[in-house]
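Shown next, in C-alpha cells, is the structure this report addresses.
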Amino acid sequence: MYEEATRVGLSLFFLAISSWYDLKEREVSNRVWMVFAPLGLALSLLHFHLTKDQSFLVSMGMSALIVGGFSVALFYLGLFGGADAKALICLSLTLPVQPSFVRPLLKMVSPFFAFSVLVNAVVFSSASILGIALYNLYRGFGAGENLFEGLESEPLLNKILAFFTGIKVDVNKLGKSPHYIPLETVSAGDDGSRTRRLRIFFRLGEESEEESLNEFRGLKGKVWVTPSLPFIVFITAGFVAALLLGDILMWSAAQLVNAI
C-alpha cells in the first residue's frame with residue numbers, strides 16, 4: 001500500500017509542477033518528464049517485484065501501448081500539446097491500474113487508470129463551453145454588444161462554433177496573455193483594405209505566436225479569441241477526479257443506459 005501511495009503522490013507532484021509551468025510559461029521542460037517517467041517506471045517494477053503480479057505487468061504494457069499510442073496520435077493530429085501526451089505516457093507507466101487503496105465514489109473505473117484520467121480531463125475541459133456560452137449570452141443580450149460586427153458574412157456554423165468556444169477581447173490584449181488564441185484571421189487586399197474571417201479549426205502549434213499576432217497589428221476594436229487553459233491543468237483535475245470519483249463518462253453512460 002505504501003509503495004502504491006508513493007506512486008500516487010509522485011504522479012500528483014509532477015502533474016502539479018507541470019501545470020504550474022504550463023500556466024506560467026506555456027511550456028513544460030522535458031526535464032520534468034525525464035525524471036517522472038523513469039521514477040514512475042521504477043516504482044511500478046518494484047511493485048511487480050514485491051507482488052509477482054503478472055496481470056499488473058500486462059496492464060502496464062497495455063496501458064503504455066494504448067494510452068501512449070492514443071496520446072501520440074492526438075498530438076500529431078494537432079489536438080494535443082506535447083506536454084499533454086508526455087504526462088499521460090508517464091501516468092500509464094506509473095499507475096497502469098486504479099490504486100487499490102482508493103475506492104472511487106462512483107464505483108466505475110477503466111481497466112487503464114490513465115485512460116480514465118484522460119476521459120475526465122476531456123469532460124472538465126468540455127464543461128468550460130457552458131461558461132463561455134453563458135458569458136456570450138450576457139455580452140450579446142445583456143450588454144447589447146454586436147458579437148459579430150465586421151463578420152456578418154461569415155457562415156452561421158462558424159458563428160455558432162465561435163459563440164461556444166471563444167470570447168471577444170480588445171485587440172490590444174493579444175500577446176499580453178499566453179492563453180488567448182486568435183479565432184480570426186486578417187488578410188490585406190490590393191486596395192489596402194483588411195478583411196476579417198473566423199478561423200475555427202487550427203492545429204496546436206501550427207504557427208508561432210509572433211506570426212499569429214502580426215496580422216492584427218494596426219487593427220482596432222475587439223476580436224474573437226479562445227481563452228484556453230493548458231490541457232495539462234485539466235489532466236491534473238482529471239487525475240484527482242479519477243482517484244476520488246472514478247471514470248465520470250463511464251458512470252454517466254451507465255446511468256443513461258439504466259434510465260432507458
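Numbering starts fresh at 1 for the residues of each chain in the C-alpha cells, the chains themselves are lettered A, B, ... in the order given, and ligands are numbered from 1 as they appear.
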- request: Tell me which protein, DNA and RNA residues are within 10 Å of Ser44 of chain A, counting only C-alpha atoms, leaving out same-chain ones fewer than 4 positions away, and put them as a list in words.
  value: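 The residues satisfying every condition are Glu3, Glu4, Arg7, Pro38, Leu39, Gly40, Phe48, His49, Leu50, Phe56, Leu57, Met60, Leu93, Thr94, Leu95 and Pro96 of chain A.
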Those selected residues, please, written with N, CA, C and O atoms and delivered as a short mmCIF file (atom, residue, chain, number, x, y, z; two decimals), in the first residue's frame.
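Saved as part-v9.cif:
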```
data_model
loop_
_atom_site.label_atom_id
_atom_site.label_comp_id
_atom_site.auth_asym_id
_atom_site.auth_seq_id
_atom_site.Cartn_x
_atom_site.Cartn_y
_atom_site.Cartn_z
N GLU A 3 3.88 1.63 -1.10
CA GLU A 3 4.53 1.79 -2.42
C GLU A 3 3.54 2.37 -3.43
O GLU A 3 3.87 3.23 -4.24
N GLU A 4 2.28 1.91 -3.36
CA GLU A 4 1.25 2.39 -4.27
C GLU A 4 0.93 3.86 -3.98
O GLU A 4 0.77 4.67 -4.90
N ARG A 7 3.47 6.09 -5.50
CA ARG A 7 3.28 6.34 -6.94
C ARG A 7 2.18 7.37 -7.18
O ARG A 7 2.28 8.18 -8.10
N PRO A 38 11.17 7.68 -15.61
CA PRO A 38 11.97 6.59 -15.02
C PRO A 38 11.63 6.30 -13.56
O PRO A 38 11.65 5.14 -13.13
N LEU A 39 11.29 7.35 -12.79
CA LEU A 39 10.91 7.13 -11.39
C LEU A 39 9.61 6.32 -11.32
O LEU A 39 9.49 5.38 -10.54
N GLY A 40 8.63 6.73 -12.12
CA GLY A 40 7.36 6.02 -12.13
C GLY A 40 7.51 4.59 -12.59
O GLY A 40 6.92 3.67 -11.99
N PHE A 48 5.80 -4.83 -9.02
CA PHE A 48 5.75 -6.17 -9.62
C PHE A 48 6.71 -7.12 -8.91
O PHE A 48 6.38 -8.29 -8.66
N HIS A 49 7.89 -6.62 -8.58
CA HIS A 49 8.88 -7.45 -7.89
C HIS A 49 8.36 -7.91 -6.53
O HIS A 49 8.59 -9.06 -6.11
N LEU A 50 7.66 -7.03 -5.82
CA LEU A 50 7.17 -7.36 -4.49
C LEU A 50 5.94 -8.27 -4.52
O LEU A 50 5.77 -9.12 -3.65
N PHE A 56 -0.49 -7.29 -13.38
CA PHE A 56 -0.08 -5.89 -13.27
C PHE A 56 0.91 -5.54 -14.37
O PHE A 56 0.82 -4.46 -14.98
N LEU A 57 1.84 -6.45 -14.64
CA LEU A 57 2.84 -6.22 -15.68
C LEU A 57 2.18 -6.12 -17.05
O LEU A 57 2.53 -5.26 -17.88
N MET A 60 0.42 -2.80 -17.31
CA MET A 60 1.35 -1.70 -17.53
C MET A 60 1.75 -1.62 -19.01
O MET A 60 1.78 -0.54 -19.59
N LEU A 93 2.73 4.56 -17.21
CA LEU A 93 3.82 3.75 -16.67
C LEU A 93 3.79 3.71 -15.15
O LEU A 93 4.15 2.70 -14.53
N THR A 94 3.37 4.80 -14.53
CA THR A 94 3.41 4.92 -13.08
C THR A 94 2.20 4.29 -12.41
O THR A 94 2.32 3.60 -11.38
N LEU A 95 1.02 4.51 -12.99
CA LEU A 95 -0.23 3.98 -12.42
C LEU A 95 -1.04 3.30 -13.52
O LEU A 95 -2.01 3.86 -14.03
N PRO A 96 -0.64 2.10 -13.91
CA PRO A 96 -1.36 1.42 -15.00
C PRO A 96 -2.81 1.12 -14.65
O PRO A 96 -3.67 1.12 -15.52
#
```
message: Neighbouring residues of Ser29 of chain A were defined as those with any atom within 12 Å, considering only C-alpha atoms; residues of the same chain fewer than 2 positions away were excluded. Please report them as a PyMOL selection string.
response: chain A and resi 14+17-22+25-27+31-36+82-83+86-87
Produce a file of the selected residues containing N, CA and C atoms, as a CSV table (one decimal), in the first residue's frame.
```csv
chain,number,residue,atom,x,y,z
A,14,PHE,N,4.3,15.7,-9.9
A,14,PHE,CA,4.8,16.1,-11.2
A,14,PHE,C,3.7,16.7,-12.0
A,17,ILE,N,3.4,20.3,-10.7
A,17,ILE,CA,4.6,21.1,-11.2
A,17,ILE,C,4.4,21.4,-12.7
A,18,SER,N,4.0,20.5,-13.5
A,18,SER,CA,3.9,20.7,-14.9
A,18,SER,C,2.7,21.7,-15.2
A,19,SER,N,1.7,21.6,-14.4
A,19,SER,CA,0.5,22.5,-14.6
A,19,SER,C,1.0,24.0,-14.3
A,20,TRP,N,1.8,24.1,-13.2
A,20,TRP,CA,2.2,25.4,-12.9
A,20,TRP,C,3.1,26.0,-14.0
A,21,TYR,N,4.0,25.2,-14.5
A,21,TYR,CA,4.9,25.7,-15.6
A,21,TYR,C,4.1,26.0,-16.8
A,22,ASP,N,3.1,25.2,-17.1
A,22,ASP,CA,2.3,25.5,-18.3
A,22,ASP,C,1.5,26.7,-18.2
A,25,GLU,N,4.4,29.7,-18.2
A,25,GLU,CA,5.3,29.8,-19.3
A,25,GLU,C,4.8,29.2,-20.6
A,26,ARG,N,3.7,28.6,-20.5
A,26,ARG,CA,3.1,28.0,-21.7
A,26,ARG,C,3.9,26.8,-22.3
A,27,GLU,N,4.8,26.3,-21.5
A,27,GLU,CA,5.6,25.1,-21.9
A,27,GLU,C,6.1,24.4,-20.7
A,31,ARG,N,12.8,18.1,-18.9
A,31,ARG,CA,13.4,17.5,-17.7
A,31,ARG,C,12.4,17.0,-16.7
A,32,VAL,N,11.2,17.6,-16.7
A,32,VAL,CA,10.2,17.1,-15.8
A,32,VAL,C,9.8,15.6,-16.2
A,33,TRP,N,9.6,15.4,-17.5
A,33,TRP,CA,9.3,14.0,-17.9
A,33,TRP,C,10.4,13.0,-17.8
A,34,MET,N,11.7,13.6,-18.0
A,34,MET,CA,12.9,12.7,-17.9
A,34,MET,C,13.1,12.2,-16.5
A,35,VAL,N,12.5,12.9,-15.5
A,35,VAL,CA,12.6,12.5,-14.1
A,35,VAL,C,11.4,11.6,-13.8
A,36,PHE,N,10.2,12.1,-14.2
A,36,PHE,CA,8.9,11.5,-13.9
A,36,PHE,C,8.9,10.0,-14.4
A,82,GLY,N,2.4,18.6,-26.7
A,82,GLY,CA,3.5,17.6,-26.4
A,82,GLY,C,3.5,17.3,-24.9
A,83,ALA,N,3.3,18.3,-24.1
A,83,ALA,CA,3.3,18.0,-22.6
A,83,ALA,C,2.2,17.2,-22.2
A,86,LYS,N,3.0,13.6,-23.1
A,86,LYS,CA,4.0,13.0,-22.2
A,86,LYS,C,3.5,12.8,-20.8
A,87,ALA,N,2.6,13.7,-20.3
A,87,ALA,CA,2.1,13.5,-19.0
A,87,ALA,C,1.3,12.2,-18.9
```
message: Considering only C-alpha atoms, can you say which of A:Leu256, A:Ala121, A:Leu23, A:Ile66 comes closest to His179 of chain A?
response: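 Comparing A:Leu256, A:Ala121, A:Leu23, A:Ile66 against His179 of chain A, the winner is A:Leu23.
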Shell of 8 Å around Phe239 of chain A, only C-alpha atoms, local chain residues under 2 positions omitted, as a ChimeraX atom specification: /A:12,114,116-117,120-121,235-237,241-243
Selection file, all heavy atoms, as a compact mmCIF listing (two decimals), in the first residue's frame:
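Now in again30.txt:
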```txt
# COMPACT_ATOMS: atom_id res chain seq x y z
N LEU A 12 0.93 13.02 -8.64
CA LEU A 12 0.29 14.29 -8.31
C LEU A 12 1.32 15.42 -8.24
O LEU A 12 1.07 16.54 -8.71
CB LEU A 12 -0.45 14.18 -6.98
CG LEU A 12 -1.30 15.38 -6.56
CD1 LEU A 12 -2.33 15.71 -7.64
CD2 LEU A 12 -1.99 15.11 -5.23
N ALA A 114 -4.90 5.64 -16.55
CA ALA A 114 -4.56 6.85 -17.29
C ALA A 114 -5.64 7.21 -18.30
O ALA A 114 -5.83 8.39 -18.63
CB ALA A 114 -3.21 6.68 -18.00
N SER A 116 -8.88 6.77 -17.81
CA SER A 116 -9.91 7.46 -17.03
C SER A 116 -9.51 8.90 -16.77
O SER A 116 -10.35 9.80 -16.78
CB SER A 116 -10.13 6.74 -15.69
OG SER A 116 -10.82 5.52 -15.87
N VAL A 117 -8.21 9.12 -16.52
CA VAL A 117 -7.70 10.48 -16.31
C VAL A 117 -7.96 11.32 -17.56
O VAL A 117 -8.44 12.45 -17.48
CB VAL A 117 -6.21 10.46 -15.97
CG1 VAL A 117 -5.64 11.88 -15.94
CG2 VAL A 117 -5.96 9.77 -14.64
N ASN A 120 -11.75 12.03 -18.01
CA ASN A 120 -12.20 13.05 -17.06
C ASN A 120 -11.71 14.44 -17.47
O ASN A 120 -12.42 15.43 -17.32
CB ASN A 120 -11.70 12.72 -15.65
CG ASN A 120 -12.41 11.54 -15.04
OD1 ASN A 120 -13.43 11.08 -15.55
ND2 ASN A 120 -11.88 11.04 -13.94
N ALA A 121 -10.47 14.50 -17.96
CA ALA A 121 -9.92 15.78 -18.40
C ALA A 121 -10.73 16.36 -19.55
O ALA A 121 -11.00 17.57 -19.60
CB ALA A 121 -8.46 15.60 -18.82
N ILE A 235 -5.87 17.70 -17.11
CA ILE A 235 -5.36 16.36 -16.83
C ILE A 235 -5.14 16.19 -15.33
O ILE A 235 -5.46 15.14 -14.75
CB ILE A 235 -4.06 16.10 -17.61
CG1 ILE A 235 -4.35 15.98 -19.12
CG2 ILE A 235 -3.36 14.82 -17.12
CD1 ILE A 235 -3.11 15.79 -19.98
N THR A 236 -4.59 17.22 -14.69
CA THR A 236 -4.37 17.16 -13.25
C THR A 236 -5.69 17.04 -12.50
O THR A 236 -5.83 16.24 -11.57
CB THR A 236 -3.60 18.41 -12.77
OG1 THR A 236 -2.37 18.52 -13.50
CG2 THR A 236 -3.30 18.34 -11.29
N ALA A 237 -6.68 17.84 -12.92
CA ALA A 237 -8.01 17.74 -12.31
C ALA A 237 -8.63 16.37 -12.58
O ALA A 237 -9.28 15.78 -11.71
CB ALA A 237 -8.91 18.85 -12.85
N ALA A 241 -9.93 13.52 -9.93
CA ALA A 241 -11.29 13.00 -10.06
C ALA A 241 -11.29 11.49 -10.27
O ALA A 241 -12.16 10.78 -9.74
CB ALA A 241 -12.01 13.70 -11.22
N ALA A 242 -10.34 10.98 -11.05
CA ALA A 242 -10.26 9.54 -11.28
C ALA A 242 -9.97 8.79 -9.99
O ALA A 242 -10.48 7.69 -9.76
CB ALA A 242 -9.17 9.24 -12.31
N LEU A 243 -9.15 9.40 -9.13
CA LEU A 243 -8.85 8.78 -7.84
C LEU A 243 -10.08 8.75 -6.93
O LEU A 243 -10.42 7.71 -6.36
CB LEU A 243 -7.74 9.55 -7.13
CG LEU A 243 -6.29 9.29 -7.54
CD1 LEU A 243 -5.37 10.24 -6.79
CD2 LEU A 243 -5.90 7.84 -7.28
```
